[in-house]
$ cat start_31.txt   # compact mmCIF, C-alpha atoms
# COMPACT_ATOMS: atom_id res chain seq x y z
CA MET Z 120 -33.05 19.14 28.50
CA GLN Z 121 -32.96 21.97 25.97
CA THR Z 122 -29.64 20.63 24.64
CA VAL Z 123 -31.10 17.16 24.12
CA THR Z 124 -34.07 18.65 22.26
CA THR Z 125 -31.69 20.64 20.06
CA LEU Z 126 -29.62 17.53 19.42
CA GLY Z 127 -32.67 15.53 18.37
CA GLY Z 128 -34.39 18.02 16.11
CA GLU Z 129 -38.06 17.92 15.16
CA ASP Z 130 -37.43 17.08 11.50
CA LEU Z 131 -35.92 13.72 12.48
CA ILE Z 132 -39.25 12.04 13.21
CA PRO Z 133 -39.21 9.98 9.95
CA PHE Z 134 -35.70 8.75 10.77
CA TYR Z 135 -36.58 7.64 14.30
CA GLY Z 136 -38.74 4.89 12.83
CA LEU Z 137 -35.67 3.49 11.08
CA LEU Z 138 -33.81 3.10 14.37
CA GLU Z 139 -34.32 0.01 16.50
CA GLY Z 140 -36.72 1.03 19.26
CA GLY Z 141 -37.36 4.45 17.73
CA ARG Z 142 -36.83 7.72 19.62
CA ASP Z 143 -37.22 6.01 23.00
CA GLY Z 144 -35.11 2.98 22.18
CA GLU Z 145 -31.70 1.95 23.47
CA LEU Z 146 -29.98 2.69 20.14
CA PHE Z 147 -30.98 6.36 20.22
CA LYS Z 148 -29.85 6.64 23.84
CA GLU Z 149 -26.52 5.07 22.90
CA MET Z 150 -26.17 7.58 20.06
CA GLU Z 151 -26.70 10.47 22.47
CA ASN Z 152 -24.23 9.04 24.98
CA TYR Z 153 -21.55 8.33 22.39
CA PHE Z 154 -22.11 11.75 20.85
CA TYR Z 155 -21.41 13.47 24.17
CA TYR Z 156 -18.51 11.16 24.93
CA SER Z 157 -17.01 11.93 21.52
CA GLN Z 158 -16.83 15.60 22.53
CA LEU Z 159 -14.98 14.66 25.71
CA ARG Z 160 -12.71 12.27 23.80
CA PHE Z 161 -11.81 14.96 21.29
CA GLN Z 162 -10.92 17.32 24.15
CA HIS Z 163 -8.90 14.48 25.74
CA VAL Z 164 -10.60 12.38 28.40
CA SER Z 165 -7.94 12.91 31.07
CA THR Z 166 -7.68 16.70 30.78
CA MET Z 167 -8.42 18.86 33.83
CA GLU Z 168 -9.37 21.87 31.70
CA PRO Z 169 -13.02 23.05 31.62
CA ARG Z 170 -15.17 21.16 29.09
CA GLU Z 171 -16.98 22.76 26.18
CA VAL Z 172 -20.10 20.64 25.64
CA SER Z 173 -22.00 21.63 22.51
CA THR Z 174 -24.49 20.14 20.06
CA HIS Z 175 -21.80 19.31 17.46
CA ILE Z 176 -18.75 17.10 17.01
CA PRO Z 177 -15.87 17.51 14.54
CA ILE Z 178 -16.42 15.43 11.41
CA GLN Z 179 -13.21 13.46 12.09
CA GLU Z 180 -15.03 11.94 15.08
CA ILE Z 181 -17.71 10.39 12.85
CA PRO Z 182 -15.85 7.07 12.21
CA PHE Z 183 -15.28 6.50 15.94
CA VAL Z 184 -18.93 7.06 16.88
CA MET Z 185 -20.06 4.75 14.08
CA ARG Z 186 -17.66 2.04 15.25
CA ALA Z 187 -18.91 2.44 18.82
CA LEU Z 188 -22.40 1.72 17.46
CA GLY Z 189 -21.19 -1.48 15.79
CA PHE Z 190 -20.77 -0.20 12.22
CA TYR Z 191 -17.22 -0.68 10.94
CA PRO Z 192 -16.81 1.12 7.59
CA THR Z 193 -13.68 0.48 5.55
CA GLU Z 194 -11.10 3.23 5.11
CA LYS Z 195 -12.49 3.92 1.62
CA GLU Z 196 -16.03 4.15 3.01
CA ILE Z 197 -14.81 6.49 5.75
CA GLU Z 198 -13.18 8.71 3.15
CA ASP Z 199 -16.41 8.81 1.12
CA ILE Z 200 -18.53 9.57 4.21
CA LEU Z 201 -16.28 12.40 5.38
CA ASN Z 202 -16.16 13.92 1.89
CA GLU Z 203 -19.94 13.70 1.65
CA VAL Z 204 -20.29 15.72 4.85
CA LYS Z 205 -17.38 18.08 4.16
CA PHE Z 206 -18.71 19.19 0.76
CA SER Z 207 -22.44 18.94 1.58
CA LYS Z 208 -22.94 22.73 1.76
CA TYR Z 209 -20.05 23.92 -0.39
CA VAL Z 210 -22.20 24.76 -3.43
CA ASP Z 211 -24.53 26.97 -1.33
CA THR Z 212 -22.02 28.55 1.06
CA GLY Z 213 -18.58 28.11 -0.52
CA LYS Z 214 -17.40 26.71 2.82
CA TYR Z 215 -16.48 23.23 4.05
CA VAL Z 216 -18.51 21.57 6.80
CA THR Z 217 -16.25 20.86 9.78
CA HIS Z 218 -18.77 19.84 12.45
CA ILE Z 219 -21.95 17.76 12.54
CA ASP Z 220 -24.88 17.62 14.98
CA LEU Z 221 -26.68 14.53 16.24
CA GLY Z 222 -29.56 14.85 13.77
CA GLU Z 223 -27.18 14.97 10.81
CA PHE Z 224 -25.24 12.06 12.25
CA ILE Z 225 -28.40 9.94 12.58
CA LYS Z 226 -29.26 10.55 8.92
CA LEU Z 227 -25.69 9.72 7.91
CA TYR Z 228 -25.69 6.53 10.00
CA ILE Z 229 -29.01 5.32 8.59
CA ASN Z 230 -27.97 6.05 5.01
CA HIS Z 231 -24.62 4.27 5.23
CA ARG Z 232 -24.98 1.42 7.71
CA PRO Z 233 -25.27 -2.01 6.06
CA ALA Z 234 -28.70 -3.62 6.05
CA PHE Z 235 -27.11 -6.78 7.42
CA GLY Z 236 -23.87 -7.03 9.35
CA ILE Z 237 -21.16 -9.63 8.87
CA THR Z 238 -22.08 -12.84 10.66
CA ALA Z 239 -19.91 -15.49 12.26
CA SER Z 240 -21.22 -17.94 9.67
CA GLN Z 241 -19.95 -15.75 6.84
CA LEU Z 242 -16.52 -15.57 8.47
CA GLN Z 243 -16.55 -19.34 8.89
CA HIS Z 244 -17.34 -19.70 5.19
CA THR Z 245 -14.31 -17.55 4.38
CA PHE Z 246 -12.11 -19.97 6.31
CA ASP Z 247 -13.83 -22.88 4.56
CA VAL Z 248 -12.84 -21.40 1.19
CA LEU Z 249 -9.38 -20.03 1.97
CA GLY Z 250 -8.24 -22.36 4.72
CA TYR Z 251 -7.26 -26.00 5.07
CA ASP Z 252 -8.21 -28.83 7.41
CA ASN Z 253 -5.64 -29.17 10.19
CA GLU Z 254 -4.87 -32.38 12.05
CA ASN Z 255 -7.81 -31.75 14.38
CA GLY Z 256 -10.27 -31.36 11.52
CA GLU Z 257 -10.54 -27.60 12.03
CA LYS Z 258 -10.40 -25.01 9.29
CA ALA Z 259 -7.21 -22.98 9.61
CA ILE Z 260 -4.97 -20.50 7.78
CA ASN Z 261 -1.25 -20.07 8.30
CA LEU Z 262 -0.49 -16.83 10.19
CA GLY Z 263 1.86 -15.54 7.50
CA GLU Z 264 -0.70 -16.22 4.78
CA LEU Z 265 -3.45 -14.53 6.81
CA LEU Z 266 -1.35 -11.40 7.23
CA GLN Z 267 -0.62 -11.39 3.50
CA LEU Z 268 -4.33 -11.72 2.69
CA LEU Z 269 -5.16 -8.78 4.97
CA GLN Z 270 -2.49 -6.64 3.33
CA ASN Z 271 -3.09 -7.59 -0.31
CA GLY Z 272 -6.69 -8.83 -0.64
CA GLY Z 273 -9.84 -6.75 -0.98
CA GLU Z 274 -9.29 -3.21 0.30
CA CYS Z 275 -5.55 -3.45 1.02
CA MET Z 276 -4.14 -2.58 4.44
CA ALA Z 277 -0.61 -1.42 5.17
CA GLU Z 278 1.54 -3.62 7.41
CA GLU Z 279 1.32 -0.99 10.16
CA GLU Z 280 -2.49 -0.93 9.93
CA VAL Z 281 -2.71 -4.72 10.24
CA ALA Z 282 -0.33 -4.64 13.21
CA GLU Z 283 -2.32 -1.88 14.90
CA CYS Z 284 -5.68 -3.59 14.42
CA LEU Z 285 -4.52 -6.99 15.66
CA SER Z 286 -2.57 -5.48 18.55
CA THR Z 287 -5.64 -3.54 19.68
CA LEU Z 288 -7.94 -6.56 19.31
CA LEU Z 289 -5.55 -8.68 21.37
CA GLY Z 290 -5.26 -6.04 24.08
CA LEU Z 291 -1.55 -5.50 23.42
CA ASN Z 292 -2.10 -1.79 22.92
CA PRO Z 293 -3.74 -0.54 26.15
CA GLU Z 294 -4.38 2.91 24.69
CA GLY Z 295 -6.56 1.51 21.91
CA GLY Z 296 -4.38 2.53 18.98
CA SER Z 297 -4.75 5.71 16.96
CA SER Z 298 -8.52 5.72 17.58
CA GLU Z 299 -7.68 7.16 20.99
CA LEU Z 300 -5.97 10.23 19.50
CA ILE Z 301 -2.40 8.97 19.95
CA SER Z 302 0.25 7.88 17.48
CA PHE Z 303 0.56 4.13 17.12
CA ASP Z 304 4.09 2.76 17.54
CA ALA Z 305 4.45 -0.27 15.26
CA THR Z 306 8.13 -0.80 16.06
CA ASN Z 307 7.65 -3.94 18.14
CA ALA Z 308 4.15 -4.83 16.93
CA SER Z 309 5.28 -7.67 14.63
CA ALA Z 310 7.35 -9.27 17.37
CA LEU Z 311 4.47 -8.98 19.86
CA LEU Z 312 2.03 -10.55 17.39
CA ALA Z 313 4.45 -13.41 16.73
CA GLN Z 314 4.60 -14.06 20.47
CA GLN Z 315 0.85 -13.83 21.05
CA LEU Z 316 -0.48 -15.63 17.97
CA PRO Z 317 0.17 -19.23 16.92
CA GLN Z 318 1.50 -19.98 13.45
CA GLU Z 319 -1.83 -21.65 12.65
CA ILE Z 320 -4.96 -19.51 13.00
CA THR Z 321 -8.10 -21.59 13.25
CA SER Z 322 -11.48 -20.17 12.34
CA LYS Z 323 -12.64 -20.53 15.94
CA LEU Z 324 -9.60 -18.65 17.27
CA PHE Z 325 -10.01 -15.83 14.76
CA ILE Z 326 -13.80 -15.47 15.09
CA ASN Z 327 -14.29 -16.07 18.81
CA GLU Z 328 -11.08 -14.95 20.47
CA ILE Z 329 -9.62 -12.30 18.17
CA LEU Z 330 -12.84 -10.67 16.87
CA GLY Z 331 -14.90 -11.55 19.94
CA PHE Z 332 -17.92 -13.03 18.15
CA PRO Z 333 -20.18 -15.35 20.20
CA GLN Z 334 -19.12 -18.99 20.22
CA ILE Z 335 -20.23 -20.90 17.13
CA SER Z 336 -20.23 -24.60 16.47
CA THR Z 337 -18.19 -26.08 13.64
CA CYS Z 338 -19.81 -28.49 11.19
CA ALA Z 339 -17.94 -31.37 12.83
CA GLU Z 340 -19.25 -30.39 16.27
CA GLU Z 341 -22.80 -30.09 14.95
CA MET Z 342 -22.55 -33.56 13.38
CA THR Z 343 -21.24 -34.97 16.66
CA ILE Z 344 -24.06 -33.33 18.63
CA SER Z 345 -26.66 -34.60 16.13
CA ALA Z 346 -25.25 -38.13 16.26
CA ALA Z 347 -25.24 -38.10 20.05
CA ALA Z 348 -28.82 -36.84 20.13
CA SER Z 349 -29.99 -39.56 17.75
CA THR Z 350 -28.58 -42.25 20.01
$ encode --input "start_31.txt" --output "structure tokens"
Amino acid sequence: MQTVTTLGGEDLIPFYGLLEGGRDGELFKEMENYFYYSQLRFQHVSTMEPREVSTHIPIQEIPFVMRALGFYPTEKEIEDILNEVKFSKYVDTGKYVTHIDLGEFIKLYINHRPAFGITASQLQHTFDVLGYDNENGEKAINLGELLQLLQNGGECMAEEEVAECLSTLLGLNPEGGSSELISFDATNASALLAQQLPQEITSKLFINEILGFPQISTCAEEMTISAAAST
């Protein structure tokens, strides 16, 4: 109980109000659970050695805890966040920060999380703009073109990064990729993706099956439902 109190910190009261449900809400409980799990993960989950549970986690664990909470910063954002923490006390102490406690993490999460997450509708709009209408009237993008867009558009991703992300999302990498503290082997990733993904990626396939968003209706489906209701 003392550890939990230390993790929370009395000066965090103003920040609790910015969390859904406050200090007693599910989000705070999830933060505590993921924070403890992150310590175990860093020490390797399957190890039989004695655990060292503390009130801090290494700063390199920050991206994984944030992702577990549903916030997916880009690689550039991750770099900025880690540098912010690393150099936060350098002027006063001349030393880099290497670990962070739960209270500091909560402040960091609140300051950097987006006010609104990406919605399925926004993703659908992307397909509406970049895609084409296939023979079934669905918005789609050719697989090769999609991979090129991921590698060259916006914040560019290397071919290995794209392969790792898609392989993990599709369950082809049972270890969860490099986020599980292992080296990702991209040797056969392209071949596996070619086997698992069709040459035409529809918006519904990408949003619902690859990313795992809740099912959404296309405009054509909504028009059909409306027409049926009116009759």
$ atom_distance --input "start_31.txt" --atom1 "CA of Asp252 (chain Z)" --atom2 "CA of Gly331 (chain Z)"
22.4 Å
$ closest_residue --input "start_31.txt" --among "Z:Gln314, Z:Leu291, Z:Ile260, Z:Pro182" --to "Lys195 (chain Z)" --atoms "all atoms listed in the file"
Z:Pro182
$ closest_residue --input "start_31.txt" --among "Z:Tyr209, Z:Thr238, Z:Tyr215, Z:Tyr191" --to "Pro333 (chain Z)" --atoms "all atoms listed in the file"
Z:Thr238
$ atom_distance --input "start_31.txt" --atom1 "CA of Thr174 (chain Z)" --atom2 "CA of Arg142 (chain Z)"
17.5 Å
$ residues_around --input "start_31.txt" --residues "Arg232 (chain Z)" --least-positions-apart "2" --cutoff "12 Å" --atoms "only C-alpha atoms" --output "count of residues only"
25
$ atom_distance --input "start_31.txt" --atom1 "CA of Leu262 (chain Z)" --atom2 "CA of Gly250 (chain Z)"
11.0 Å
$ closest_atom_pairs --input "start_31.txt" --of "region 170-287 of chain Z" --to "region 144-162 of chain Z" --cutoff "10 Å" --atoms "only C-alpha atoms" --output "Markdown table"
| residue | atom | partner | partner_atom | distance |
| --- | --- | --- | --- | --- |
| Z:Arg170 | CA | Z:Leu159 | CA | 7.3 |
| Z:Glu171 | CA | Z:Gln158 | CA | 8.0 |
| Z:Val172 | CA | Z:Gln158 | CA | 6.8 |
| Z:Ser173 | CA | Z:Gln158 | CA | 7.9 |
| Z:Thr174 | CA | Z:Tyr155 | CA | 8.4 |
| Z:His175 | CA | Z:Gln158 | CA | 8.0 |
| Z:Ile176 | CA | Z:Gln158 | CA | 6.0 |
| Z:Pro177 | CA | Z:Gln158 | CA | 8.3 |
| Z:Gln179 | CA | Z:Phe161 | CA | 9.4 |
| Z:Glu180 | CA | Z:Ser157 | CA | 6.7 |
| Z:Ile181 | CA | Z:Ser157 | CA | 8.8 |
| Z:Phe183 | CA | Z:Ser157 | CA | 8.0 |
| Z:Val184 | CA | Z:Tyr153 | CA | 6.2 |
| Z:Met185 | CA | Z:Met150 | CA | 9.0 |
| Z:Ala187 | CA | Z:Tyr153 | CA | 7.4 |
| Z:Leu188 | CA | Z:Met150 | CA | 7.4 |
| Z:Asp220 | CA | Z:Phe154 | CA | 8.8 |
| Z:Leu221 | CA | Z:Phe154 | CA | 7.1 |
| Z:Phe224 | CA | Z:Met150 | CA | 9.1 |
| Z:Ile225 | CA | Z:Met150 | CA | 8.2 |
$ residues_around --input "start_31.txt" --residues "Tyr251 (chain Z)" --least-positions-apart "6" --cutoff "12 Å" --atoms "only C-alpha atoms" --output "PyMOL selection string"
chain Z and resi 244-245+257-261+264+319-322
$ residues_around --input "start_31.txt" --residues "Ala239 (chain Z)" --least-positions-apart "2" --cutoff "9 Å" --atoms "only C-alpha atoms" --output "list in words"
Ile237, Gln241, Leu242, Gln243, His244, Ile326, Asn327, Phe332, Pro333, Gln334 and Ile335 of chain Z
$ closest_residue --input "start_31.txt" --among "Z:Leu324, Z:Val216, Z:Leu288, Z:Glu198" --to "Ile178 (chain Z)" --atoms "all atoms listed in the file"
Z:Val216
